[in-house]
$ cat protein32.cif   # mmCIF, C-alpha atoms
data_structure
loop_
_atom_site.label_atom_id
_atom_site.label_comp_id
_atom_site.auth_asym_id
_atom_site.auth_seq_id
_atom_site.Cartn_x
_atom_site.Cartn_y
_atom_site.Cartn_z
CA MET A 1 0.00 0.00 0.00
CA ILE A 2 1.13 3.56 -0.72
CA ILE A 3 -0.19 6.57 1.17
CA VAL A 4 0.24 9.99 -0.45
CA PHE A 5 0.18 12.87 2.05
CA ALA A 6 -0.95 16.17 0.54
CA LYS A 7 -2.12 19.60 1.53
CA ALA A 8 -5.27 20.95 -0.08
CA PRO A 9 -4.37 23.22 -3.03
CA VAL A 10 -5.76 26.38 -1.46
CA PRO A 11 -4.18 29.59 -2.85
CA GLY A 12 -2.15 31.29 -0.15
CA ALA A 13 -1.84 28.08 1.89
CA ALA A 14 -0.14 25.67 -0.55
CA LYS A 15 3.56 25.91 -1.48
CA THR A 16 3.86 29.17 0.42
CA ARG A 17 7.62 29.48 -0.08
CA LEU A 18 7.02 29.56 -3.85
CA ILE A 19 4.46 32.36 -3.70
CA PRO A 20 7.10 35.11 -4.28
CA ALA A 21 8.03 33.43 -7.56
CA LEU A 22 4.66 32.08 -8.73
CA GLY A 23 1.97 34.04 -6.90
CA GLU A 24 -0.64 32.42 -4.66
CA TRP A 25 -2.64 30.89 -7.51
CA GLY A 26 0.41 29.78 -9.48
CA ALA A 27 1.83 28.05 -6.40
CA ALA A 28 -1.50 26.30 -5.77
CA ARG A 29 -1.68 25.12 -9.39
CA LEU A 30 1.86 23.78 -9.18
CA HIS A 31 0.91 21.94 -6.00
CA GLU A 32 -1.94 20.29 -7.89
CA ARG A 33 0.47 19.18 -10.61
CA LEU A 34 2.92 17.78 -8.06
CA THR A 35 0.11 15.92 -6.30
CA ARG A 36 -1.17 14.38 -9.54
CA HIS A 37 2.39 13.34 -10.40
CA ALA A 38 2.87 11.68 -6.98
CA VAL A 39 -0.40 9.78 -7.33
CA ARG A 40 0.43 8.61 -10.86
CA THR A 41 3.85 7.42 -9.71
CA ALA A 42 2.30 5.55 -6.77
CA LEU A 43 -0.27 3.85 -9.01
CA ALA A 44 2.35 2.91 -11.60
CA ALA A 45 4.52 1.28 -8.91
CA GLY A 46 1.98 -1.51 -8.49
CA CYS A 47 2.61 -1.85 -4.77
CA GLY A 48 -1.01 -2.35 -3.80
CA ARG A 49 -3.73 0.09 -2.80
CA VAL A 50 -3.05 3.83 -3.12
CA GLU A 51 -4.77 6.41 -0.91
CA ILE A 52 -4.56 10.19 -0.73
CA HIS A 53 -4.52 11.61 2.79
CA GLY A 54 -5.33 15.31 2.80
CA THR A 55 -5.08 18.05 5.39
CA ARG A 56 -8.71 18.98 4.72
CA ARG A 57 -11.57 17.98 2.45
CA HIS A 58 -11.31 19.56 -0.99
CA SER A 59 -12.94 18.90 -4.36
CA PHE A 60 -9.51 18.45 -5.98
CA PHE A 61 -8.90 15.24 -4.05
CA GLY A 62 -12.09 13.76 -5.45
CA SER A 63 -10.75 14.24 -8.98
CA LEU A 64 -7.81 11.90 -8.37
CA GLY A 65 -9.86 8.71 -8.56
CA ILE A 66 -8.42 7.06 -5.45
CA PRO A 67 -9.71 6.78 -1.87
CA PHE A 68 -9.41 9.91 0.27
CA ARG A 69 -8.80 10.02 4.01
CA LEU A 70 -8.46 13.00 6.30
CA GLN A 71 -5.16 13.34 8.13
CA ARG A 72 -5.53 13.19 11.90
CA GLY A 73 -3.12 14.58 14.48
CA ARG A 74 -1.80 17.78 15.98
CA ASP A 75 1.37 17.93 13.89
CA LEU A 76 2.94 16.17 10.92
CA GLY A 77 4.50 13.50 13.12
CA GLU A 78 1.20 12.55 14.74
CA ARG A 79 -0.52 12.51 11.37
CA MET A 80 2.07 10.22 9.80
CA HIS A 81 2.07 7.92 12.82
CA HIS A 82 -1.71 7.68 12.72
CA ALA A 83 -1.71 6.79 9.02
CA LEU A 84 1.06 4.18 9.28
CA ALA A 85 -0.18 2.65 12.53
CA ARG A 86 -3.45 1.87 10.75
CA ASN A 87 -1.51 0.34 7.85
CA PRO A 88 1.69 -1.44 8.99
CA GLY A 89 3.91 -2.18 6.02
CA ALA A 90 2.66 0.81 4.03
CA ILE A 91 4.84 3.28 2.16
CA LEU A 92 4.14 6.95 2.86
CA ILE A 93 5.25 9.72 0.50
CA GLY A 94 4.57 13.42 0.13
CA THR A 95 4.02 15.44 -3.02
CA ASP A 96 7.10 17.68 -2.98
CA CYS A 97 9.54 15.25 -4.58
CA PRO A 98 8.87 14.59 -8.29
CA GLU A 99 12.30 12.96 -8.53
CA LEU A 100 10.94 9.99 -6.56
CA THR A 101 10.37 7.26 -9.13
CA VAL A 102 8.41 4.05 -9.58
CA ALA A 103 11.68 2.18 -9.07
CA ASP A 104 12.22 3.91 -5.70
CA LEU A 105 8.78 2.87 -4.49
CA GLN A 106 9.23 -0.68 -5.73
CA CYS A 107 12.63 -0.87 -4.02
CA ALA A 108 11.09 0.23 -0.71
CA ALA A 109 8.37 -2.42 -1.02
CA ARG A 110 10.94 -5.06 -1.89
CA LEU A 111 13.07 -4.19 1.14
CA LEU A 112 10.07 -4.48 3.44
CA ARG A 113 9.19 -7.85 1.96
CA GLY A 114 12.81 -8.89 2.45
CA GLY A 115 12.65 -8.35 6.19
CA TYR A 116 13.61 -4.72 6.71
CA GLU A 117 11.47 -2.96 9.29
CA ALA A 118 11.92 0.58 7.97
CA VAL A 119 12.94 2.34 4.77
CA LEU A 120 13.63 6.06 4.31
CA ALA A 121 14.41 8.14 1.24
CA PRO A 122 16.53 11.07 2.45
CA ALA A 123 16.06 14.49 0.86
CA GLN A 124 18.83 16.95 0.11
CA ASP A 125 17.33 19.52 2.47
CA GLY A 126 17.74 17.19 5.46
CA GLY A 127 14.22 15.78 5.52
CA TYR A 128 12.92 12.65 3.88
CA ALA A 129 10.65 12.04 0.89
CA LEU A 130 9.51 8.53 1.81
CA ILE A 131 9.06 6.48 4.95
CA ALA A 132 7.95 2.85 5.02
CA LEU A 133 7.48 0.91 8.26
CA ARG A 134 6.57 -2.62 9.22
CA ARG A 135 7.03 -1.86 12.92
CA VAL A 136 5.32 1.43 13.71
CA ALA A 137 6.08 3.27 16.96
CA PRO A 138 5.12 6.82 18.01
CA GLU A 139 8.69 7.52 19.15
CA ILE A 140 9.83 7.63 15.53
CA PHE A 141 7.73 10.76 14.99
CA ARG A 142 7.67 12.41 18.41
CA ASN A 143 9.48 15.71 19.12
CA ILE A 144 10.89 16.09 15.60
CA ALA A 145 11.52 19.63 14.38
CA TRP A 146 9.55 19.19 11.16
CA GLY A 147 10.61 21.37 8.25
CA THR A 148 14.23 21.65 9.40
CA SER A 149 17.49 20.16 8.13
CA THR A 150 17.69 17.75 11.09
CA VAL A 151 14.61 15.64 10.33
CA PHE A 152 16.34 12.71 8.62
CA ASP A 153 19.22 12.51 11.12
CA GLU A 154 16.84 12.73 14.08
CA THR A 155 14.64 10.02 12.60
CA ALA A 156 17.64 7.78 11.92
CA LYS A 157 18.53 7.98 15.63
CA ARG A 158 15.06 6.64 16.48
CA LEU A 159 15.70 3.63 14.24
CA LEU A 160 18.80 2.33 16.04
CA ASN A 161 16.94 -0.82 17.13
CA TYR A 162 15.39 -1.34 13.70
CA ARG A 163 16.67 -3.19 10.69
CA TRP A 164 16.39 -0.36 8.19
CA ARG A 165 17.74 0.97 4.93
CA ALA A 166 18.06 4.37 3.28
CA LEU A 167 17.31 4.76 -0.43
CA ARG A 168 19.12 7.23 -2.66
CA THR A 169 19.02 10.92 -1.73
CA VAL A 170 16.47 12.95 -3.71
CA TRP A 171 15.59 16.62 -3.96
CA ASP A 172 12.25 18.26 -3.33
CA VAL A 173 10.49 21.39 -4.53
CA ASP A 174 10.26 23.90 -1.75
CA ARG A 175 12.06 27.09 -2.74
CA PRO A 176 12.12 29.34 -5.82
CA GLU A 177 15.60 28.07 -6.71
CA ASP A 178 14.17 24.55 -7.05
CA LEU A 179 11.98 25.59 -9.98
CA ALA A 180 14.78 25.33 -12.55
CA ARG A 181 15.30 21.65 -11.70
CA LEU A 182 11.56 21.15 -11.80
CA ARG A 183 11.37 22.55 -15.33
CA ALA A 184 13.99 19.99 -16.35
CA LEU A 185 11.49 17.30 -15.33
CA ARG A 186 9.04 18.79 -17.88
CA PHE A 187 6.86 20.61 -15.39
CA ALA A 188 6.53 23.29 -18.04
CA SER A 189 4.57 25.79 -15.96
CA ALA A 190 7.11 25.87 -13.15
CA GLY A 191 8.65 29.29 -12.91
CA ARG A 192 5.78 31.13 -14.58
CA ARG A 193 4.00 33.46 -12.22
CA GLY A 194 0.34 32.50 -11.88
CA ALA A 195 -2.24 34.71 -13.51
CA ARG A 196 -4.46 36.78 -11.29
CA ARG A 197 -7.95 35.59 -10.65
CA SER A 198 -10.61 37.19 -12.76
CA GLY A 199 -14.33 37.46 -12.21
CA GLY A 200 -16.07 37.00 -8.88
CA SER A 201 -14.10 36.25 -5.78
CA ARG A 202 -14.38 33.07 -3.72
CA ALA A 203 -13.47 32.74 -0.09
CA ARG A 204 -10.40 30.57 0.62
CA SER A 205 -12.41 28.57 3.11
CA GLY A 206 -15.64 27.33 1.62
CA GLY A 207 -16.67 26.90 -1.97
CA SER A 208 -14.49 24.53 -3.93
CA ASP A 209 -11.20 26.33 -3.13
CA ARG A 210 -10.18 25.34 -6.65
CA PRO A 211 -7.46 27.43 -8.36
CA SER A 212 -8.44 28.88 -11.70
CA GLY A 213 -7.46 26.61 -14.56
CA SER A 214 -7.39 23.55 -12.31
CA ARG A 215 -9.94 21.75 -14.47
CA ARG A 216 -7.24 21.31 -17.07
CA ALA A 217 -5.51 17.95 -16.83
CA ALA A 218 -1.98 18.35 -15.44
CA PRO A 219 0.78 16.22 -16.95
CA GLY A 220 2.80 16.16 -13.81
CA ARG A 221 3.43 15.30 -2.98
#
$ encode --input "protein32.cif" --output "structure tokens"
Amino acid sequence: MIIVFAKAPVPGAAKTRLIPALGEWGAARLHERLTRHAVRTALAAGCGRVEIHGTRRHSFFGSLGIPFRLQRGRDLGERMHHALARNPGAILIGTDCPELTVADLQCAARLLRGGYEAVLAPAQDGGYALIALRRVAPEIFRNIAWGTSTVFDETAKRLLNYRWRALRTVWDVDRPEDLARLRALRFASAGRRGARRSGGSRARSGGSDRPSGSRRAAPGR
């Protein structure tokens, strides 16, 4: 099973560090593209059921064609623990790392089947893009400074009594300087500032919260 963790693509709340380069709506549209790409990669890996776990209910998640679940927990660590504790042996990924491939996911699944209790895919910024666990414990996620460069190293310390492996290091899309690498992966709209909304306004909470143009199929957590 693969669980894809994703924020709702609400302008002003999704990919906030990219807003200076893309604008609120451009950043939200890019987040949609990254999410679709993560889901397609997960489905293509053929590692069992795929679910999208969102931070809130949103019409976009219904367009993905896979089961949706609401994330539960006070912080990212609690939310990941809750999802994996319900599904021991699952692989959990985000949407920020389009470099993560079908082969990476299949390798993680193969390692779990081979007896490893945990698999991580480290990210260049010090976090991780994938975590897979057969033995799930809250201590792995507790008191981690999420969003910092110490996340992977701190998590590795919690796995001292586990048989675990790290996959190759990958990069994620979090800052404006990452957009050039993203364009190289054929995310053609990356780096183009989003157009302003036109017509009537819609509150960010309520309505469909759908960025303009999001009905167009995106080729690309």
$ residues_around --input "protein32.cif" --residues "Leu160 of chain A" --least-positions-apart "6" --cutoff "12 Å" --atoms "only C-alpha atoms" --output "list in words"
Glu117, Ala118, Glu139, Ile140, Asp153 and Glu154 of chain A
$ resolve_selection --input "protein32.cif" --expression "the PyMOL selection byres ((chain A and resi 42) around 10)" --output "list in words"
Met1, Ile2, Ile3, Val4, Arg36, His37, Ala38, Val39, Arg40, Thr41, Leu43, Ala44, Ala45, Gly46, Cys47, Gly48, Arg49, Val50, Glu51, Ile91, Leu92, Ile93, Leu100, Thr101, Val102, Leu105 and Gln106 of chain A
$ closest_residue --input "protein32.cif" --among "A:Leu130, A:Ala103, A:Ala27, A:Ala8" --to "Asp172 of chain A" --atoms "all atoms listed in the file"
A:Leu130
$ residues_around --input "protein32.cif" --residues "Phe5 of chain A" --least-positions-apart "5" --cutoff "8 Å" --atoms "all atoms listed in the file" --output "list in words"
Ile52, His53, Gly54, Leu92, Ile93, Gly94, Thr95 and Arg221 of chain A
$ resolve_selection --input "protein32.cif" --expression "the PyMOL selection byres ((chain A and resi 75) around 12)" --output "VMD selection string"
chain A and resid 55 71 to 74 76 to 82 141 to 147
$ atom_distance --input "protein32.cif" --atom1 "atom CA of Arg135 of chain A" --atom2 "atom CA of Trp164 of chain A"
10.6 Å
$ atom_distance --input "protein32.cif" --atom1 "atom CA of Arg17 of chain A" --atom2 "atom CA of Arg175 of chain A"
5.7 Å
$ atom_distance --input "protein32.cif" --atom1 "atom CA of Gln124 of chain A" --atom2 "atom CA of Thr169 of chain A"
6.3 Å
$ resolve_selection --input "protein32.cif" --expression "the PyMOL selection byres ((chain A and resi 20) around 12)" --output "list in words"
Gly12, Lys15, Thr16, Arg17, Leu18, Ile19, Ala21, Leu22, Gly23, Glu24, Trp25, Gly26, Ala27, Asp174, Arg175, Pro176, Glu177, Gly191, Arg192, Arg193 and Gly194 of chain A
$ closest_residue --input "protein32.cif" --among "A:Arg113, A:Leu84, A:Phe61, A:Val173" --to "Leu133 of chain A" --atoms "only C-alpha atoms"
A:Leu84
$ decode --input "protein32.cif" --residues "segment 13-62 of chain A" --atoms "N, CA and C atoms" --output "PDB file, in the first residue's frame"
ATOM      1  N   ALA A  13      -2.156  29.060   0.855  1.00  0.00           N
ATOM      2  CA  ALA A  13      -1.839  28.084   1.892  1.00  0.00           C
ATOM      3  C   ALA A  13      -0.998  26.925   1.373  1.00  0.00           C
ATOM      4  N   ALA A  14      -0.910  26.765   0.056  1.00  0.00           N
ATOM      5  CA  ALA A  14      -0.137  25.673  -0.547  1.00  0.00           C
ATOM      6  C   ALA A  14       1.148  26.225  -1.160  1.00  0.00           C
ATOM      7  N   LYS A  15       2.248  25.521  -0.937  1.00  0.00           N
ATOM      8  CA  LYS A  15       3.558  25.906  -1.478  1.00  0.00           C
ATOM      9  C   LYS A  15       3.851  27.378  -1.201  1.00  0.00           C
ATOM     10  N   THR A  16       3.748  27.749   0.053  1.00  0.00           N
ATOM     11  CA  THR A  16       3.856  29.170   0.417  1.00  0.00           C
ATOM     12  C   THR A  16       5.230  29.759   0.116  1.00  0.00           C
ATOM     13  N   ARG A  17       6.282  28.949   0.191  1.00  0.00           N
ATOM     14  CA  ARG A  17       7.622  29.482  -0.085  1.00  0.00           C
ATOM     15  C   ARG A  17       7.820  29.803  -1.562  1.00  0.00           C
ATOM     16  N   LEU A  18       6.924  29.281  -2.416  1.00  0.00           N
ATOM     17  CA  LEU A  18       7.020  29.561  -3.845  1.00  0.00           C
ATOM     18  C   LEU A  18       6.138  30.723  -4.273  1.00  0.00           C
ATOM     19  N   ILE A  19       5.365  31.258  -3.353  1.00  0.00           N
ATOM     20  CA  ILE A  19       4.465  32.363  -3.700  1.00  0.00           C
ATOM     21  C   ILE A  19       5.215  33.580  -4.245  1.00  0.00           C
ATOM     22  N   PRO A  20       6.384  33.966  -3.686  1.00  0.00           N
ATOM     23  CA  PRO A  20       7.100  35.114  -4.279  1.00  0.00           C
ATOM     24  C   PRO A  20       7.445  34.930  -5.748  1.00  0.00           C
ATOM     25  N   ALA A  21       7.670  33.686  -6.163  1.00  0.00           N
ATOM     26  CA  ALA A  21       8.027  33.434  -7.562  1.00  0.00           C
ATOM     27  C   ALA A  21       6.819  33.167  -8.443  1.00  0.00           C
ATOM     28  N   LEU A  22       5.774  32.538  -7.897  1.00  0.00           N
ATOM     29  CA  LEU A  22       4.656  32.084  -8.726  1.00  0.00           C
ATOM     30  C   LEU A  22       3.342  32.790  -8.441  1.00  0.00           C
ATOM     31  N   GLY A  23       3.245  33.503  -7.323  1.00  0.00           N
ATOM     32  CA  GLY A  23       1.968  34.038  -6.895  1.00  0.00           C
ATOM     33  C   GLY A  23       1.162  32.958  -6.185  1.00  0.00           C
ATOM     34  N   GLU A  24       0.135  33.370  -5.440  1.00  0.00           N
ATOM     35  CA  GLU A  24      -0.642  32.416  -4.659  1.00  0.00           C
ATOM     36  C   GLU A  24      -1.310  31.368  -5.537  1.00  0.00           C
ATOM     37  N   TRP A  25      -1.909  31.809  -6.649  1.00  0.00           N
ATOM     38  CA  TRP A  25      -2.643  30.886  -7.505  1.00  0.00           C
ATOM     39  C   TRP A  25      -1.698  30.023  -8.325  1.00  0.00           C
ATOM     40  N   GLY A  26      -0.581  30.576  -8.759  1.00  0.00           N
ATOM     41  CA  GLY A  26       0.411  29.777  -9.477  1.00  0.00           C
ATOM     42  C   GLY A  26       1.008  28.704  -8.584  1.00  0.00           C
ATOM     43  N   ALA A  27       1.288  29.044  -7.330  1.00  0.00           N
ATOM     44  CA  ALA A  27       1.826  28.054  -6.396  1.00  0.00           C
ATOM     45  C   ALA A  27       0.819  26.945  -6.124  1.00  0.00           C
ATOM     46  N   ALA A  28      -0.462  27.315  -6.006  1.00  0.00           N
ATOM     47  CA  ALA A  28      -1.499  26.299  -5.772  1.00  0.00           C
ATOM     48  C   ALA A  28      -1.658  25.387  -6.981  1.00  0.00           C
ATOM     49  N   ARG A  29      -1.585  25.957  -8.185  1.00  0.00           N
ATOM     50  CA  ARG A  29      -1.684  25.122  -9.385  1.00  0.00           C
ATOM     51  C   ARG A  29      -0.498  24.162  -9.488  1.00  0.00           C
ATOM     52  N   LEU A  30       0.694  24.654  -9.159  1.00  0.00           N
ATOM     53  CA  LEU A  30       1.863  23.780  -9.183  1.00  0.00           C
ATOM     54  C   LEU A  30       1.700  22.655  -8.163  1.00  0.00           C
ATOM     55  N   HIS A  31       1.149  22.971  -7.004  1.00  0.00           N
ATOM     56  CA  HIS A  31       0.915  21.942  -5.999  1.00  0.00           C
ATOM     57  C   HIS A  31      -0.032  20.871  -6.528  1.00  0.00           C
ATOM     58  N   GLU A  32      -1.051  21.271  -7.270  1.00  0.00           N
ATOM     59  CA  GLU A  32      -1.943  20.292  -7.890  1.00  0.00           C
ATOM     60  C   GLU A  32      -1.172  19.380  -8.836  1.00  0.00           C
ATOM     61  N   ARG A  33      -0.308  19.967  -9.648  1.00  0.00           N
ATOM     62  CA  ARG A  33       0.467  19.178 -10.607  1.00  0.00           C
ATOM     63  C   ARG A  33       1.383  18.194  -9.888  1.00  0.00           C
ATOM     64  N   LEU A  34       2.032  18.650  -8.834  1.00  0.00           N
ATOM     65  CA  LEU A  34       2.916  17.775  -8.063  1.00  0.00           C
ATOM     66  C   LEU A  34       2.124  16.634  -7.416  1.00  0.00           C
ATOM     67  N   THR A  35       0.938  16.948  -6.930  1.00  0.00           N
ATOM     68  CA  THR A  35       0.106  15.918  -6.300  1.00  0.00           C
ATOM     69  C   THR A  35      -0.326  14.877  -7.317  1.00  0.00           C
ATOM     70  N   ARG A  36      -0.778  15.332  -8.487  1.00  0.00           N
ATOM     71  CA  ARG A  36      -1.166  14.381  -9.536  1.00  0.00           C
ATOM     72  C   ARG A  36       0.020  13.499  -9.932  1.00  0.00           C
ATOM     73  N   HIS A  37       1.190  14.105 -10.036  1.00  0.00           N
ATOM     74  CA  HIS A  37       2.385  13.341 -10.399  1.00  0.00           C
ATOM     75  C   HIS A  37       2.687  12.279  -9.344  1.00  0.00           C
ATOM     76  N   ALA A  38       2.602  12.639  -8.059  1.00  0.00           N
ATOM     77  CA  ALA A  38       2.873  11.678  -6.985  1.00  0.00           C
ATOM     78  C   ALA A  38       1.882  10.521  -7.030  1.00  0.00           C
ATOM     79  N   VAL A  39       0.619  10.828  -7.270  1.00  0.00           N
ATOM     80  CA  VAL A  39      -0.404   9.779  -7.331  1.00  0.00           C
ATOM     81  C   VAL A  39      -0.159   8.864  -8.529  1.00  0.00           C
ATOM     82  N   ARG A  40       0.164   9.433  -9.671  1.00  0.00           N
ATOM     83  CA  ARG A  40       0.425   8.610 -10.856  1.00  0.00           C
ATOM     84  C   ARG A  40       1.632   7.706 -10.634  1.00  0.00           C
ATOM     85  N   THR A  41       2.670   8.230  -9.999  1.00  0.00           N
ATOM     86  CA  THR A  41       3.850   7.419  -9.707  1.00  0.00           C
ATOM     87  C   THR A  41       3.497   6.274  -8.768  1.00  0.00           C
ATOM     88  N   ALA A  42       2.708   6.585  -7.737  1.00  0.00           N
ATOM     89  CA  ALA A  42       2.305   5.555  -6.772  1.00  0.00           C
ATOM     90  C   ALA A  42       1.479   4.460  -7.449  1.00  0.00           C
ATOM     91  N   LEU A  43       0.555   4.840  -8.309  1.00  0.00           N
ATOM     92  CA  LEU A  43      -0.267   3.851  -9.008  1.00  0.00           C
ATOM     93  C   LEU A  43       0.583   3.003  -9.949  1.00  0.00           C
ATOM     94  N   ALA A  44       1.524   3.640 -10.637  1.00  0.00           N
ATOM     95  CA  ALA A  44       2.353   2.913 -11.596  1.00  0.00           C
ATOM     96  C   ALA A  44       3.292   1.928 -10.913  1.00  0.00           C
ATOM     97  N   ALA A  45       3.597   2.158  -9.627  1.00  0.00           N
ATOM     98  CA  ALA A  45       4.524   1.277  -8.910  1.00  0.00           C
ATOM     99  C   ALA A  45       3.928  -0.106  -8.682  1.00  0.00           C
ATOM    100  N   GLY A  46       2.607  -0.210  -8.656  1.00  0.00           N
ATOM    101  CA  GLY A  46       1.975  -1.508  -8.489  1.00  0.00           C
ATOM    102  C   GLY A  46       2.264  -2.160  -7.141  1.00  0.00           C
ATOM    103  N   CYS A  47       2.306  -1.353  -6.111  1.00  0.00           N
ATOM    104  CA  CYS A  47       2.615  -1.853  -4.768  1.00  0.00           C
ATOM    105  C   CYS A  47       1.366  -2.011  -3.909  1.00  0.00           C
ATOM    106  N   GLY A  48       0.223  -2.184  -4.543  1.00  0.00           N
ATOM    107  CA  GLY A  48      -1.014  -2.352  -3.800  1.00  0.00           C
ATOM    108  C   GLY A  48      -1.861  -1.093  -3.824  1.00  0.00           C
ATOM    109  N   ARG A  49      -2.777  -1.017  -2.880  1.00  0.00           N
ATOM    110  CA  ARG A  49      -3.727   0.085  -2.800  1.00  0.00           C
ATOM    111  C   ARG A  49      -3.012   1.424  -2.653  1.00  0.00           C
ATOM    112  N   VAL A  50      -3.576   2.458  -3.247  1.00  0.00           N
ATOM    113  CA  VAL A  50      -3.051   3.826  -3.117  1.00  0.00           C
ATOM    114  C   VAL A  50      -4.154   4.705  -2.545  1.00  0.00           C
ATOM    115  N   GLU A  51      -3.829   5.475  -1.516  1.00  0.00           N
ATOM    116  CA  GLU A  51      -4.771   6.408  -0.909  1.00  0.00           C
ATOM    117  C   GLU A  51      -4.152   7.790  -0.847  1.00  0.00           C
ATOM    118  N   ILE A  52      -4.993   8.814  -0.940  1.00  0.00           N
ATOM    119  CA  ILE A  52      -4.564  10.193  -0.734  1.00  0.00           C
ATOM    120  C   ILE A  52      -5.064  10.631   0.636  1.00  0.00           C
ATOM    121  N   HIS A  53      -4.160  11.125   1.463  1.00  0.00           N
ATOM    122  CA  HIS A  53      -4.516  11.608   2.794  1.00  0.00           C
ATOM    123  C   HIS A  53      -4.311  13.118   2.807  1.00  0.00           C
ATOM    124  N   GLY A  54      -5.389  13.862   2.897  1.00  0.00           N
ATOM    125  CA  GLY A  54      -5.328  15.313   2.798  1.00  0.00           C
ATOM    126  C   GLY A  54      -5.464  16.006   4.135  1.00  0.00           C
ATOM    127  N   THR A  55      -4.998  17.247   4.166  1.00  0.00           N
ATOM    128  CA  THR A  55      -5.075  18.052   5.389  1.00  0.00           C
ATOM    129  C   THR A  55      -6.488  18.555   5.654  1.00  0.00           C
ATOM    130  N   ARG A  56      -7.322  18.570   4.602  1.00  0.00           N
ATOM    131  CA  ARG A  56      -8.707  18.985   4.721  1.00  0.00           C
ATOM    132  C   ARG A  56      -9.459  18.443   3.515  1.00  0.00           C
ATOM    133  N   ARG A  57     -10.770  18.420   3.598  1.00  0.00           N
ATOM    134  CA  ARG A  57     -11.566  17.978   2.454  1.00  0.00           C
ATOM    135  C   ARG A  57     -11.532  19.055   1.367  1.00  0.00           C
ATOM    136  N   HIS A  58     -11.437  18.624   0.128  1.00  0.00           N
ATOM    137  CA  HIS A  58     -11.315  19.559  -0.987  1.00  0.00           C
ATOM    138  C   HIS A  58     -11.734  18.837  -2.263  1.00  0.00           C
ATOM    139  N   SER A  59     -12.436  19.528  -3.136  1.00  0.00           N
ATOM    140  CA  SER A  59     -12.942  18.901  -4.363  1.00  0.00           C
ATOM    141  C   SER A  59     -11.818  18.348  -5.233  1.00  0.00           C
ATOM    142  N   PHE A  60     -10.636  18.939  -5.168  1.00  0.00           N
ATOM    143  CA  PHE A  60      -9.514  18.452  -5.975  1.00  0.00           C
ATOM    144  C   PHE A  60      -9.207  16.992  -5.677  1.00  0.00           C
ATOM    145  N   PHE A  61      -9.243  16.617  -4.408  1.00  0.00           N
ATOM    146  CA  PHE A  61      -8.900  15.243  -4.050  1.00  0.00           C
ATOM    147  C   PHE A  61      -9.875  14.245  -4.677  1.00  0.00           C
ATOM    148  N   GLY A  62     -11.120  14.647  -4.827  1.00  0.00           N
ATOM    149  CA  GLY A  62     -12.094  13.764  -5.451  1.00  0.00           C
ATOM    150  C   GLY A  62     -11.811  13.510  -6.918  1.00  0.00           C
TER     151      GLY A  62
END
